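Quick look at model-v2.csv (CSV, C-alpha atoms and all ligand atoms):
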```csv
chain,number,residue,atom,x,y,z
A,1,MET,CA,0.0,0.0,0.0
A,2,VAL,CA,2.8,2.4,1.0
A,3,MET,CA,4.6,1.4,-2.2
A,4,ILE,CA,1.6,2.1,-4.4
A,5,LEU,CA,1.2,5.5,-2.7
A,6,LEU,CA,4.9,6.3,-3.2
A,7,VAL,CA,4.8,5.4,-6.9
A,8,PHE,CA,1.6,7.4,-7.3
A,9,ILE,CA,3.3,10.5,-5.7
A,10,LEU,CA,6.4,10.0,-7.8
A,11,VAL,CA,4.4,9.7,-11.1
A,12,SER,CA,2.2,12.7,-10.3
A,13,ARG,CA,5.4,14.7,-9.4
A,14,VAL,CA,7.0,13.9,-12.7
A,15,SER,CA,4.0,14.8,-14.9
A,16,ALA,CA,3.5,17.9,-12.9
A,17,PHE,CA,7.1,18.8,-13.6
A,18,ASN,CA,6.6,18.3,-17.3
A,19,TYR,CA,3.5,20.6,-17.5
A,20,ILE,CA,4.2,23.6,-15.4
A,21,THR,CA,2.3,26.5,-16.8
A,22,CYS,CA,4.0,29.8,-16.5
A,23,PRO,CA,2.6,32.5,-14.2
A,24,LYS,CA,0.7,35.4,-15.7
A,25,CYS,CA,2.6,38.2,-17.4
A,26,GLY,CA,0.9,41.4,-16.2
A,27,ASN,CA,-2.7,40.7,-16.9
A,28,PHE,CA,-1.9,38.2,-19.6
A,29,GLU,CA,-2.3,34.5,-19.2
A,30,VAL,CA,0.7,32.5,-20.5
A,31,PRO,CA,-0.8,29.2,-21.7
A,32,TYR,CA,1.3,26.1,-21.9
A,33,PRO,CA,3.6,25.4,-23.9
A,34,PHE,CA,4.8,29.1,-23.8
A,35,SER,CA,7.8,29.6,-21.6
A,36,THR,CA,8.8,32.9,-19.9
A,37,ASP,CA,11.6,31.3,-17.9
A,38,ASP,CA,13.5,28.1,-17.6
A,39,ASN,CA,11.3,26.7,-14.9
A,40,CYS,CA,8.0,26.6,-16.7
A,41,GLY,CA,6.5,25.9,-20.1
A,42,ASP,CA,8.4,24.2,-22.9
A,43,LEU,CA,11.7,25.9,-23.8
A,44,ARG,CA,11.1,25.5,-27.5
A,45,TYR,CA,8.2,28.0,-27.1
A,46,LYS,CA,10.2,30.8,-25.5
A,47,VAL,CA,8.6,34.2,-25.1
A,48,SER,CA,9.6,37.0,-22.7
A,49,CYS,CA,7.7,39.0,-20.2
A,50,ASN,CA,8.9,42.7,-20.0
A,51,ASN,CA,7.1,45.0,-17.7
A,52,GLY,CA,3.8,43.2,-18.0
A,53,ASN,CA,4.1,42.9,-21.8
A,54,LEU,CA,4.4,39.5,-23.3
A,55,GLU,CA,6.8,39.5,-26.3
A,56,PHE,CA,7.7,37.1,-29.1
A,57,PRO,CA,11.4,37.0,-30.1
A,58,SER,CA,12.3,36.5,-33.8
A,59,ALA,CA,15.3,34.5,-35.0
A,60,GLU,CA,17.2,37.8,-35.1
A,61,GLY,CA,16.3,38.6,-31.5
A,62,PHE,CA,13.8,41.4,-32.3
A,63,HIS,CA,10.9,41.4,-29.8
A,64,TYR,CA,7.3,41.7,-31.0
A,65,LYS,CA,4.5,42.5,-28.6
A,66,ILE,CA,2.0,39.6,-28.3
A,67,LEU,CA,-1.6,40.9,-28.7
A,68,SER,CA,-3.5,37.6,-28.2
A,69,ILE,CA,-3.0,33.9,-27.9
A,70,ASN,CA,-5.6,31.3,-28.8
A,71,PRO,CA,-4.4,27.9,-27.3
A,72,THR,CA,-7.4,26.1,-28.9
A,73,THR,CA,-6.5,27.0,-32.5
A,74,GLN,CA,-2.8,27.2,-31.7
A,75,LYS,CA,-2.5,30.7,-33.0
A,76,LEU,CA,-1.2,33.9,-31.7
A,77,ILE,CA,-1.2,37.5,-33.0
A,78,ILE,CA,1.9,39.7,-32.7
A,79,ARG,CA,2.0,43.5,-33.3
A,80,PRO,CA,3.6,44.5,-36.5
A,81,PRO,CA,6.7,46.7,-36.0
A,82,MET,CA,6.2,50.4,-35.7
A,83,ILE,CA,7.1,52.6,-38.7
A,84,LEU,CA,9.6,55.2,-37.5
A,85,GLU,CA,8.1,58.6,-37.5
A,86,ASP,CA,8.5,60.8,-40.6
A,87,THR,CA,10.3,58.0,-42.4
A,88,CYS,CA,9.3,54.8,-44.1
A,89,TYR,CA,11.4,52.4,-42.2
A,90,SER,CA,10.0,49.6,-40.0
A,91,SER,CA,11.6,49.4,-36.6
A,92,ASP,CA,12.8,45.8,-37.5
A,93,PHE,CA,14.5,47.0,-40.7
A,94,PRO,CA,18.0,46.5,-39.2
A,95,GLN,CA,17.0,42.9,-38.7
A,96,GLY,CA,15.7,42.5,-42.2
A,97,GLY,CA,12.1,42.2,-41.1
A,98,LEU,CA,10.5,39.3,-39.3
A,99,ARG,CA,12.3,36.0,-39.6
A,100,LEU,CA,11.4,32.8,-37.7
A,101,ASP,CA,13.8,30.0,-37.2
A,102,GLU,CA,12.9,27.3,-39.6
A,103,ARG,CA,13.4,24.7,-36.9
A,104,SER,CA,11.1,26.4,-34.5
A,105,PRO,CA,7.5,25.2,-34.0
A,106,PHE,CA,6.2,28.5,-35.3
A,107,ASN,CA,5.3,29.8,-38.7
A,108,ILE,CA,3.4,32.6,-40.3
A,109,SER,CA,-0.2,31.7,-41.0
A,110,THR,CA,-2.1,32.2,-44.3
A,111,HIS,CA,-4.4,34.8,-42.8
A,112,ASN,CA,-2.1,37.7,-43.1
A,113,THR,CA,-2.2,40.4,-45.8
A,114,VAL,CA,1.2,42.0,-45.9
A,115,LEU,CA,1.4,45.6,-47.0
A,116,LEU,CA,4.9,46.4,-48.3
A,117,LEU,CA,5.9,50.1,-48.3
A,118,ASN,CA,8.5,52.2,-50.1
A,119,CYS,CA,9.4,49.5,-52.6
A,120,THR,CA,11.8,49.7,-55.6
A,121,ALA,CA,10.6,49.0,-59.1
A,122,ALA,CA,12.1,45.5,-58.8
A,123,LEU,CA,8.9,44.6,-56.9
A,124,LEU,CA,6.8,45.2,-60.1
A,125,ARG,CA,8.1,42.0,-61.6
A,126,SER,CA,6.7,40.0,-58.6
A,127,PRO,CA,3.2,38.6,-58.4
A,128,LEU,CA,2.3,41.3,-55.8
A,129,ASN,CA,-0.6,43.7,-56.1
A,130,CYS,CA,1.1,47.1,-56.6
A,131,SER,CA,-1.8,48.8,-58.3
A,132,PHE,CA,-3.2,52.2,-57.4
A,133,ASN,CA,-6.0,50.6,-55.5
A,134,SER,CA,-3.9,48.2,-53.4
A,135,PHE,CA,-4.6,48.1,-49.7
A,136,CYS,CA,-1.2,49.7,-49.1
A,137,ARG,CA,-2.4,53.0,-50.7
A,138,GLN,CA,-5.3,53.2,-48.3
A,139,PHE,CA,-2.9,52.7,-45.4
A,140,GLU,CA,-0.6,55.5,-46.6
A,141,ASN,CA,-3.4,57.9,-47.3
A,142,GLU,CA,-5.5,57.3,-44.2
A,143,LYS,CA,-3.2,56.3,-41.4
A,144,GLU,CA,-0.7,58.7,-39.8
A,145,GLU,CA,1.8,55.9,-39.4
A,146,GLY,CA,1.9,55.2,-43.1
A,147,SER,CA,2.1,58.9,-44.2
A,148,GLY,CA,5.9,58.9,-44.4
A,149,CYS,CA,5.7,56.3,-47.1
A,150,LYS,CA,3.5,58.2,-49.6
A,151,SER,CA,4.7,58.9,-53.1
A,152,SER,CA,6.7,55.7,-53.4
A,153,LEU,CA,5.8,52.3,-54.8
A,154,CYS,CA,3.9,50.0,-52.5
A,155,CYS,CA,2.3,46.6,-52.8
A,156,HIS,CA,0.3,44.0,-50.9
A,157,TYR,CA,0.0,40.3,-51.0
A,158,LEU,CA,-1.8,37.5,-49.1
A,159,LYS,CA,0.8,35.4,-47.3
A,160,ASP,CA,-0.5,32.1,-48.7
A,161,SER,CA,1.0,28.7,-48.8
A,162,SER,CA,2.9,29.3,-52.0
A,163,MET,CA,5.3,31.5,-50.1
A,164,THR,CA,7.8,31.1,-47.3
A,165,SER,CA,6.0,31.0,-44.0
A,166,HIS,CA,9.1,32.0,-42.0
A,167,PHE,CA,9.9,35.5,-43.4
A,168,ILE,CA,8.5,38.9,-44.0
A,169,ARG,CA,11.4,40.7,-45.5
A,170,VAL,CA,12.4,44.3,-45.8
A,171,ARG,CA,15.8,45.4,-47.3
A,172,PRO,CA,17.4,48.2,-49.3
A,173,GLY,CA,16.6,47.6,-52.9
A,174,GLY,CA,13.3,45.9,-51.9
A,175,CYS,CA,10.9,47.6,-49.6
A,176,THR,CA,11.9,49.4,-46.4
A,177,ALA,CA,8.7,49.1,-44.3
A,178,TYR,CA,5.7,46.8,-43.9
A,179,THR,CA,2.6,46.2,-41.8
A,180,SER,CA,0.1,43.3,-41.8
A,181,VAL,CA,-3.6,42.9,-41.4
A,182,VAL,CA,-5.3,39.6,-40.2
A,183,ASP,CA,-8.3,38.4,-42.2
A,184,ILE,CA,-8.7,41.5,-44.3
A,185,LYS,CA,-11.9,41.8,-46.2
A,186,PRO,CA,-12.1,44.1,-49.2
A,187,GLU,CA,-15.4,45.6,-48.0
A,188,ASP,CA,-14.0,46.4,-44.5
A,189,PRO,CA,-13.4,50.1,-43.8
A,190,ILE,CA,-9.8,50.8,-42.9
A,191,ASP,CA,-10.7,51.6,-39.3
A,192,GLN,CA,-11.8,48.1,-38.8
A,193,TRP,CA,-8.6,46.5,-40.0
A,194,ASN,CA,-7.1,44.1,-37.5
A,195,TYR,CA,-3.4,45.0,-37.6
A,196,GLY,CA,-1.3,42.1,-36.6
A,197,ILE,CA,0.8,39.1,-37.8
A,198,GLU,CA,-0.9,35.8,-37.1
A,199,LEU,CA,1.5,33.0,-36.2
A,200,GLN,CA,0.6,29.3,-35.6
A,201,TRP,CA,2.5,26.7,-33.7
A,202,LEU,CA,2.8,22.9,-33.7
A,203,PRO,CA,1.9,21.5,-30.3
A,204,PRO,CA,4.8,19.7,-28.5
A,205,ASN,CA,4.7,16.1,-29.8
B,301,LIG,C1,12.8,54.6,-49.2
B,301,LIG,O1,13.8,53.6,-49.5
B,301,LIG,C2,15.0,54.1,-50.0
B,301,LIG,C3,15.9,52.9,-50.3
B,301,LIG,O2,15.3,52.0,-51.2
B,301,LIG,C4,15.6,55.1,-49.1
B,301,LIG,O3,16.8,55.7,-49.6
B,301,LIG,C5,14.6,56.2,-48.7
B,301,LIG,O4,15.1,57.0,-47.6
B,301,LIG,C6,13.3,55.5,-48.2
B,301,LIG,N1,12.3,56.6,-48.0
B,301,LIG,C7,11.8,57.0,-46.8
B,301,LIG,C8,10.8,58.0,-46.8
B,301,LIG,O5,12.2,56.5,-45.7
B,302,LIG,C1,-5.4,44.8,-56.1
B,302,LIG,O1,-6.1,44.9,-54.9
B,302,LIG,C2,-7.3,45.7,-54.9
B,302,LIG,C3,-7.8,45.8,-53.5
B,302,LIG,O2,-8.1,44.5,-53.0
B,302,LIG,C4,-8.3,45.1,-55.9
B,302,LIG,O3,-9.4,45.9,-56.0
B,302,LIG,C5,-7.6,45.0,-57.3
B,302,LIG,O4,-8.5,44.3,-58.1
B,302,LIG,C6,-6.3,44.2,-57.2
B,302,LIG,N1,-5.6,44.3,-58.5
B,302,LIG,C7,-5.1,43.2,-59.0
B,302,LIG,C8,-4.4,43.5,-60.3
B,302,LIG,O5,-5.1,42.1,-58.6
B,303,LIG,C1,2.8,25.9,-40.5
B,303,LIG,O1,2.5,25.2,-39.3
B,303,LIG,C2,1.3,24.5,-39.3
B,303,LIG,C3,1.0,23.8,-37.9
B,303,LIG,O2,1.4,24.7,-36.9
B,303,LIG,C4,1.3,23.4,-40.3
B,303,LIG,O3,0.1,22.7,-40.4
B,303,LIG,C5,1.7,24.0,-41.7
B,303,LIG,O4,1.9,23.0,-42.6
B,303,LIG,C6,2.9,24.9,-41.6
B,303,LIG,N1,3.1,25.5,-42.9
B,303,LIG,C7,4.2,25.5,-43.5
B,303,LIG,C8,4.2,26.2,-44.9
B,303,LIG,O5,5.3,25.1,-43.1
```

Render the structure in this file as structure tokens.
Amino acid sequence: MVMILLVFILVSRVSAFNYITCPKCGNFEVPYPFSTDDNCGDLRYKVSCNNGNLEFPSAEGFHYKILSINPTTQKLIIRPPMILEDTCYSSDFPQGGLRLDERSPFNISTHNTVLLLNCTAALLRSPLNCSFNSFCRQFENEKEEGSGCKSSLCCHYLKDSSMTSHFIRVRPGGCTAYTSVVDIKPEDPIDQWNYGIELQWLPPN
């Protein structure tokens, strides 16, 4: 009887150790498998908690604020980088944009419409929508944040499965800024756009 009890305690200890959920970050629940430190979560799902903000690190070490996490659908939405005031540079331009490690369990979902700003003519040869009625024009004309990008070429595309799901790239000779909208619908007015980059993750095993 004592043996059985002992084994039971041991087993429950071990499994409890494997599934420690991290404490809240500010008001934000940190669902398993996300890990804010070495003692909780699964280390392959590392995020950081800075002053009550939960942040997602890219492969280059740039931190994106996490806006929401849906553990049921295994998706999270991060905030697109700021566009530096009076310029047309994304704050992650020095890192070349958003890059996820290809071995990580995360990738960029197919629900994102990416607006690329201040692009060179090289982009016209791509299958992107760079027309005068592209969503990127609305963003430049109606949002303060995009106003520094006016009077240059811009394009948008749906991040679908035909493209890399680990990269949103900005670079000299390409485009220097971007933003992203989740589940954009052509009939939606611009003030209802849901700015964000939706990522999805593979569950541990
Ligand atoms: C747009 O990009 C070019 C490089 O392709 C850069 O020289 C220029 O400063 C950028 N424009 C703005 C407004 O940031
Ligand atoms: C570009 O996008 C706009 C806005 O969704 C759309 O009205 C237009 O038909 C698209 N143009 C092309 C060439 O796909
Ligand atoms: C992205 O991840 C999801 C699961 O998290 C997977 O089903 C999908 O195939 C992945 N897409 C690519 C292009 O790797």

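Near ligand LIG 303 (chain B), the residues found within 10 Å are Thr73, Gln74, Lys75, Glu102, Ser104, Pro105, Phe106, Asn107, Ile108, Ser109, Thr110, Asp160, Ser161, Ser162, Met163, Thr164, Ser165, His166, Leu199, Gln200, Trp201, Leu202 and Pro203 of chain A (criterion computed using all atoms listed in the file).
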
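The nearest approach to Gly61 (chain A) among the residues A:Gly96, A:Gly196, A:Gly146, A:Pro23, with only C-alpha atoms taken into account, belongs to A:Gly96.
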
For this session: Name the residues, by chain letter and number, that sit within 12 Å of ligand LIG 301 (chain B) using only C-alpha atoms and all ligand atoms, and give them as a PyMOL selection string.
Result: chain A and resi 83-91+93+116-123+140+145-154+170-178

Can I get the selected residues back with C-alpha atoms, as a CSV table (one decimal), in the frame of the given file?
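Output contents, as saved in result15.csv:
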```
chain,number,residue,atom,x,y,z
A,83,ILE,CA,7.1,52.6,-38.7
A,84,LEU,CA,9.6,55.2,-37.5
A,85,GLU,CA,8.1,58.6,-37.5
A,86,ASP,CA,8.5,60.8,-40.6
A,87,THR,CA,10.3,58.0,-42.4
A,88,CYS,CA,9.3,54.8,-44.1
A,89,TYR,CA,11.4,52.4,-42.2
A,90,SER,CA,10.0,49.6,-40.0
A,91,SER,CA,11.6,49.4,-36.6
A,93,PHE,CA,14.5,47.0,-40.7
A,116,LEU,CA,4.9,46.4,-48.3
A,117,LEU,CA,5.9,50.1,-48.3
A,118,ASN,CA,8.5,52.2,-50.1
A,119,CYS,CA,9.4,49.5,-52.6
A,120,THR,CA,11.8,49.7,-55.6
A,121,ALA,CA,10.6,49.0,-59.1
A,122,ALA,CA,12.1,45.5,-58.8
A,123,LEU,CA,8.9,44.6,-56.9
A,140,GLU,CA,-0.6,55.5,-46.6
A,145,GLU,CA,1.8,55.9,-39.4
A,146,GLY,CA,1.9,55.2,-43.1
A,147,SER,CA,2.1,58.9,-44.2
A,148,GLY,CA,5.9,58.9,-44.4
A,149,CYS,CA,5.7,56.3,-47.1
A,150,LYS,CA,3.5,58.2,-49.6
A,151,SER,CA,4.7,58.9,-53.1
A,152,SER,CA,6.7,55.7,-53.4
A,153,LEU,CA,5.8,52.3,-54.8
A,154,CYS,CA,3.9,50.0,-52.5
A,170,VAL,CA,12.4,44.3,-45.8
A,171,ARG,CA,15.8,45.4,-47.3
A,172,PRO,CA,17.4,48.2,-49.3
A,173,GLY,CA,16.6,47.6,-52.9
A,174,GLY,CA,13.3,45.9,-51.9
A,175,CYS,CA,10.9,47.6,-49.6
A,176,THR,CA,11.9,49.4,-46.4
A,177,ALA,CA,8.7,49.1,-44.3
A,178,TYR,CA,5.7,46.8,-43.9
```

Problem set entry | Test item: residues no farther than 8 Å from ligand LIG 302 (chain B), counting all atoms listed in the file, as a ChimeraX atom specification | /A:128-135,156,186

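Between CA of Cys25 (chain A) and CA of Thr72 (chain A) the separation is 19.5 Å.
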
Exercise. Quick one: of A:Lys159, A:Leu67, A:Pro81, A:Pro127, who's nearest to Asn194 (chain A), counting only C-alpha atoms?
Worked result: A:Leu67
